[in-house]
Each structure stands twice: as C-alpha cells, then as structure tokens.
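One structure is given below, encoded as structure tokens.
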Amino acid sequence: MDRSALGALVLQSLVWAFLAIGGAPTLLPDIHRYVVEVHHWMTSPQFAELYALAQVAPGPNIMYVTLIGWQVAGWAGAAATTLPWLVPASTLTLLVGHLHARHPHAALGRAIRRGLTPLTIGLMLASGWTLMRAVDHAWGGYLLTLLAVVVVLRTPWNPLWLIAAGALVGMAGLV
Amino acid sequence: MSTTPLADAMPASHGPRVSALALFLTFSQITLSAFGGLQFWARRALVERQRWLTEQEFVDLLTLGQLLPGPNVLNLTVMVGYRFASWAGAAAAVAGLLGWPCLVVIALGVLHQHYGALPLVQQALTGMSAVAVGLLLASVIKMATVLPRQWRPWLFAGLAFVGVGVVRWPLLWVLGALAPWAIAAAWKGTD
C-alpha cells in the first residue's frame, strides 16, 4: 500500500472514530463500504471472516477494526485504523469533562443520548445486514444465524461458546 | 439515572494516588479477562478490587463515556487514567487495555493468512461468521426493546438502516443529516 493510501486510511479512521456514536459495531457497514466496495482491498467473505475471528479475541469490540487494518497494510495498517480512536476519546474527554464541571447540562446530555439511540439501533441492524449478505449464501448458514439469535436471547451462555460451536458445525460441513 | 452532574466524576487528582504502572497492569488484567462484556470486568476491577472509584463514580464515568463517540469502555479508560495520573496515566491505561488484544488479534490474522484457505478452516470460518451475524442481530433485538413505542424513534432507526445498510450511503452523510434532527426531536420531547 502506498503512503497516500495509508494517509487516506488514517483520515478515514479518524472520521470513523468520531462517528462511532454507538460503539465500534455501528461502523461495520461503512468500513465494509470503504475497504471492500470502494478500494477492493479484500473480498466480502474475507471481511466477514476477519470480523468473526476478532470476536474470539479478548478486549474491547474495536479489535475487528485493528484486524481489518492489519489485513490491508500489516502493522502500519493496524496502527492506522486503531490509533485514531484515541483522539476523540482523549480530546473530548477533557473538553466535555471540563465543560460539564462548570455547566452540567444533564438535560442536554439526556437528549443527545435519547436522540442517538434509535440511530444506533438502525446502524446495528445495518451491520447485521451487511455481514449477513457477506456470509450466509446457503440455507444452512441462515439457519445457523437464526439459531444463534435464539440462543443468545434465550440463554445466558457465553457467546464465545456459540462461536466455537459455529466452527464445529462449519467443519462438519453443515453450512 | 444519576442525580449528580456527570462531571463530578471528572476533576483530576482527588482520591487515591495511582501510578501509571498500576493503571497499565489493572487495565491489562481487565482486558485479558474480558471475553464479551468488558464493562463487567472493568467494574469489578475498578470498584470492587482496587476501590479506585465508587459505584456512583463508575456509573457517572460510563454515562459520560456513552455520550462521547467510540466504545464507552475506551472512553472510561482514558478518563480514569487521566484522572489518577494525568496524560501518562491515560496512555498507560490505554496501552494496557488495547495492547494485548491487538497482539492477540494480529496473531489470529497471521494464522488466518497462513491457514485460512485450507478447506476445513474455511468451513469453520464460515460457521463462525454465521454465528457472528446472529450475535449482532441478537444485540439489535435486545437494544430495540428500549425504544419507546412511538413512531419517531422507529422512523429514525429505519432511516439509518436504509441509508447505511441498503442504499449504502457514507455514514458521515447519513449521520450528518439524521443526528442533529434526532437530537433536536429528543430535546423538544424532554421537558
């Protein structure tokens, strides 16, 4: 990857970091659009595989962004997509923290959160939709997805076990 | 909902003095024990074990973290690190939180690059991906239960989904158009 493309990726990641109003998973459709549809750095199934792999790693849920960056341009790519996350967190933390200390507008904060919640939900649905179109091409895949939804909603089981079970079902040739 | 102003949690340097190294180690431990559900482990370490924060302070910082873009645990990490040991503390806490998972995820990437094309691995990855889709959709359903039964929030959710997921406009445009409108609507509705 040349330096101008890497620079563009850093800028784009900075934009993502500020747009991640509902956390990192809401960015999935836009990251997919950028790395798969616009730049063709990887295929859609590869994107979905990397996302799934990152769910196995410990830590915060932005790790899939790091893995996508790594796939695109190695360590430089991982740094390019990960480090920009710290900019809004640290600058806004101080700004908002100090402003709030003087003028605690609890009502405005509440309005922001209540206003953004529906958007977060819509974006999460878009993430699920994007990923589903990248993965589930056979009825077995749709069935497994549906089963995972039901199990998550009905049981307190750790999602990590579900992903392991998904790997076994896949190896058995059922999806 | 807390009654204290959010920012009471923020002012730096009151409470115990904590070194950057201690922040690094504690956040390393939080992140390495956190498979799905970082908040649970963060609360346990910061409130129960280290007693760096009270229950109320933890909730306040998390709420403030939710107002800012980005994962709220990352925001919380920056705020806690900064509060106890200024910028060095923030850097140490973030390095603890992100450093190890980065190494793990890149190791997974290396494995994927070497073995990802093997048929059996490919099948396993397809199964894992199908489950990952299910996990995402399940969290959408859980989150959607908090939406009030009024047409406007559902309209906003629907517009965000269609704009970003179906029409595939850039997120910046969609949020730039919808976010101010959604916040203004919620603001008018809150008196």
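Letters A, B, ... go to the chains of the structure tokens in the order shown; residues in each chain start at 1; ligands are counted from 1 in the same order.
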
Among range 2-103 of chain A, which ones does DSSP assign to helix (DSSP H, G or I) (computed from the backbone)? Answer as a VMD selection string. chain A and resid 3 to 19 24 to 38 44 to 54 63 to 102

Could you give me, as a Markdown table, every chain B residue with an atom at most 6 Å from chain A, plus its closest atom pair and distance in Å to one decimal, counting only C-alpha atoms, rows ordered by chain then number?
```
| residue | atom | partner | partner_atom | distance |
| --- | --- | --- | --- | --- |
| B:Pro5 | CA | A:Pro104 | CA | 5.5 |
| B:Ala7 | CA | A:Ala101 | CA | 4.9 |
| B:Met10 | CA | A:Gly97 | CA | 5.7 |
| B:Thr31 | CA | A:Gly59 | CA | 4.6 |
| B:Leu32 | CA | A:Pro58 | CA | 5.7 |
| B:Ala34 | CA | A:Pro58 | CA | 5.5 |
| B:Phe35 | CA | A:Pro58 | CA | 4.9 |
| B:Pro69 | CA | A:Ile21 | CA | 4.4 |
| B:Gly70 | CA | A:Ala20 | CA | 4.9 |
| B:Pro71 | CA | A:Gly23 | CA | 4.4 |
| B:Asn75 | CA | A:Ala89 | CA | 5.2 |
| B:Pro101 | CA | A:Gly59 | CA | 5.5 |
| B:Val105 | CA | A:Ala57 | CA | 5.9 |
| B:Leu120 | CA | A:Met171 | CA | 5.7 |
| B:Gln123 | CA | A:Gly170 | CA | 4.8 |
| B:Ala124 | CA | A:Ala167 | CA | 4.0 |
| B:Leu125 | CA | A:Glu49 | CA | 5.9 |
| B:Gly127 | CA | A:Gly170 | CA | 4.2 |
| B:Met128 | CA | A:Gly166 | CA | 4.7 |
| B:Ser129 | CA | A:Ala52 | CA | 5.0 |
| B:Ala130 | CA | A:Thr145 | CA | 5.1 |
| B:Val131 | CA | A:Thr145 | CA | 5.2 |
| B:Ala132 | CA | A:Ala52 | CA | 5.6 |
| B:Val133 | CA | A:Gly128 | CA | 5.7 |
| B:Gly134 | CA | A:Thr145 | CA | 4.5 |
| B:Leu136 | CA | A:Gly128 | CA | 5.6 |
| B:Leu137 | CA | A:Gly128 | CA | 5.5 |
| B:Ala138 | CA | A:Val149 | CA | 4.9 |
| B:Pro153 | CA | A:Pro118 | CA | 5.4 |
| B:Phe156 | CA | A:Pro118 | CA | 5.9 |
| B:Ala157 | CA | A:Gly122 | CA | 4.0 |
| B:Gly158 | CA | A:Gly122 | CA | 5.8 |
| B:Ala160 | CA | A:Gly122 | CA | 5.0 |
| B:Phe161 | CA | A:Gly122 | CA | 4.4 |
| B:Gly165 | CA | A:Ala126 | CA | 4.2 |
| B:Leu171 | CA | A:Asp30 | CA | 5.9 |
| B:Ala182 | CA | A:Gly115 | CA | 4.7 |
| B:Ile183 | CA | A:Gly115 | CA | 4.2 |
| B:Ala186 | CA | A:Gly115 | CA | 5.1 |
| B:Trp187 | CA | A:Ala111 | CA | 4.8 |
```

Could you take the residues named above and write them with C-alpha atoms, as a PDB file, in the first residue's frame?
```pdb
ATOM      1  CA  PRO B   5     -23.804  16.104  37.423  1.00  0.00           C
ATOM      2  CA  ALA B   7     -18.673  15.783  35.533  1.00  0.00           C
ATOM      3  CA  MET B  10     -14.102  14.050  36.199  1.00  0.00           C
ATOM      4  CA  THR B  31      -8.980  -6.598  29.065  1.00  0.00           C
ATOM      5  CA  LEU B  32      -7.456 -10.087  29.234  1.00  0.00           C
ATOM      6  CA  ALA B  34     -12.912  -9.757  29.146  1.00  0.00           C
ATOM      7  CA  PHE B  35     -14.348 -12.048  26.563  1.00  0.00           C
ATOM      8  CA  PRO B  69     -18.175   8.708  20.249  1.00  0.00           C
ATOM      9  CA  GLY B  70     -16.225   5.481  20.441  1.00  0.00           C
ATOM     10  CA  PRO B  71     -16.506   2.453  22.687  1.00  0.00           C
ATOM     11  CA  ASN B  75     -13.529   6.485  26.900  1.00  0.00           C
ATOM     12  CA  PRO B 101      -5.901  -7.597  22.421  1.00  0.00           C
ATOM     13  CA  VAL B 105      -5.961 -10.255  17.089  1.00  0.00           C
ATOM     14  CA  LEU B 120     -11.567 -27.357   6.832  1.00  0.00           C
ATOM     15  CA  GLN B 123     -15.655 -24.293   6.685  1.00  0.00           C
ATOM     16  CA  ALA B 124     -15.010 -23.450  10.338  1.00  0.00           C
ATOM     17  CA  LEU B 125     -14.702 -19.746   9.472  1.00  0.00           C
ATOM     18  CA  GLY B 127     -19.706 -21.368  10.594  1.00  0.00           C
ATOM     19  CA  MET B 128     -18.132 -18.801  12.940  1.00  0.00           C
ATOM     20  CA  SER B 129     -19.164 -15.959  10.655  1.00  0.00           C
ATOM     21  CA  ALA B 130     -22.768 -17.182  10.531  1.00  0.00           C
ATOM     22  CA  VAL B 131     -22.822 -17.188  14.351  1.00  0.00           C
ATOM     23  CA  ALA B 132     -21.205 -13.725  14.464  1.00  0.00           C
ATOM     24  CA  VAL B 133     -24.083 -12.423  12.342  1.00  0.00           C
ATOM     25  CA  GLY B 134     -26.508 -13.976  14.822  1.00  0.00           C
ATOM     26  CA  LEU B 136     -25.033  -8.906  16.043  1.00  0.00           C
ATOM     27  CA  LEU B 137     -28.705  -9.376  15.199  1.00  0.00           C
ATOM     28  CA  ALA B 138     -29.482 -10.554  18.740  1.00  0.00           C
ATOM     29  CA  PRO B 153     -37.642   6.739  17.125  1.00  0.00           C
ATOM     30  CA  PHE B 156     -35.046   7.332  12.752  1.00  0.00           C
ATOM     31  CA  ALA B 157     -33.865   3.748  13.233  1.00  0.00           C
ATOM     32  CA  GLY B 158     -35.407   2.789   9.894  1.00  0.00           C
ATOM     33  CA  ALA B 160     -30.402   4.969   9.486  1.00  0.00           C
ATOM     34  CA  PHE B 161     -30.755   1.311   8.480  1.00  0.00           C
ATOM     35  CA  GLY B 165     -27.296  -0.663   5.126  1.00  0.00           C
ATOM     36  CA  LEU B 171     -22.042   7.019   7.256  1.00  0.00           C
ATOM     37  CA  ALA B 182     -32.876  13.198  16.057  1.00  0.00           C
ATOM     38  CA  ILE B 183     -31.245  15.076  18.940  1.00  0.00           C
ATOM     39  CA  ALA B 186     -35.475  14.249  21.608  1.00  0.00           C
ATOM     40  CA  TRP B 187     -34.641  17.653  23.145  1.00  0.00           C
TER      41      TRP B 187
END
```

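Each of B:Ala42, B:Ile30, B:Leu53, B:Leu172 was checked against Val18 in chain B using only C-alpha atoms; the smallest atom-to-atom distance is that of B:Leu53.
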
Would you list the contacts of Thr54 in chain B as a ChimeraX atom specification, taking every protein, DNA or RNA residue within 12 Å and counting only C-alpha atoms, but skipping same-chain residues closer than 6 positions in sequence? /B:9,15-16,43-48,60-61

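Put simply, CA of Val80 in chain B is 28.5 Å away from CA of Val146 in chain B.
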
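CA of Leu74 in chain B to CA of Leu9 in chain A spans 21.0 Å [interatomic distance, one decimal].
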
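Atom pair CA of Lys188 in chain B / CA of Leu67 in chain B: separated by 18.4 Å.
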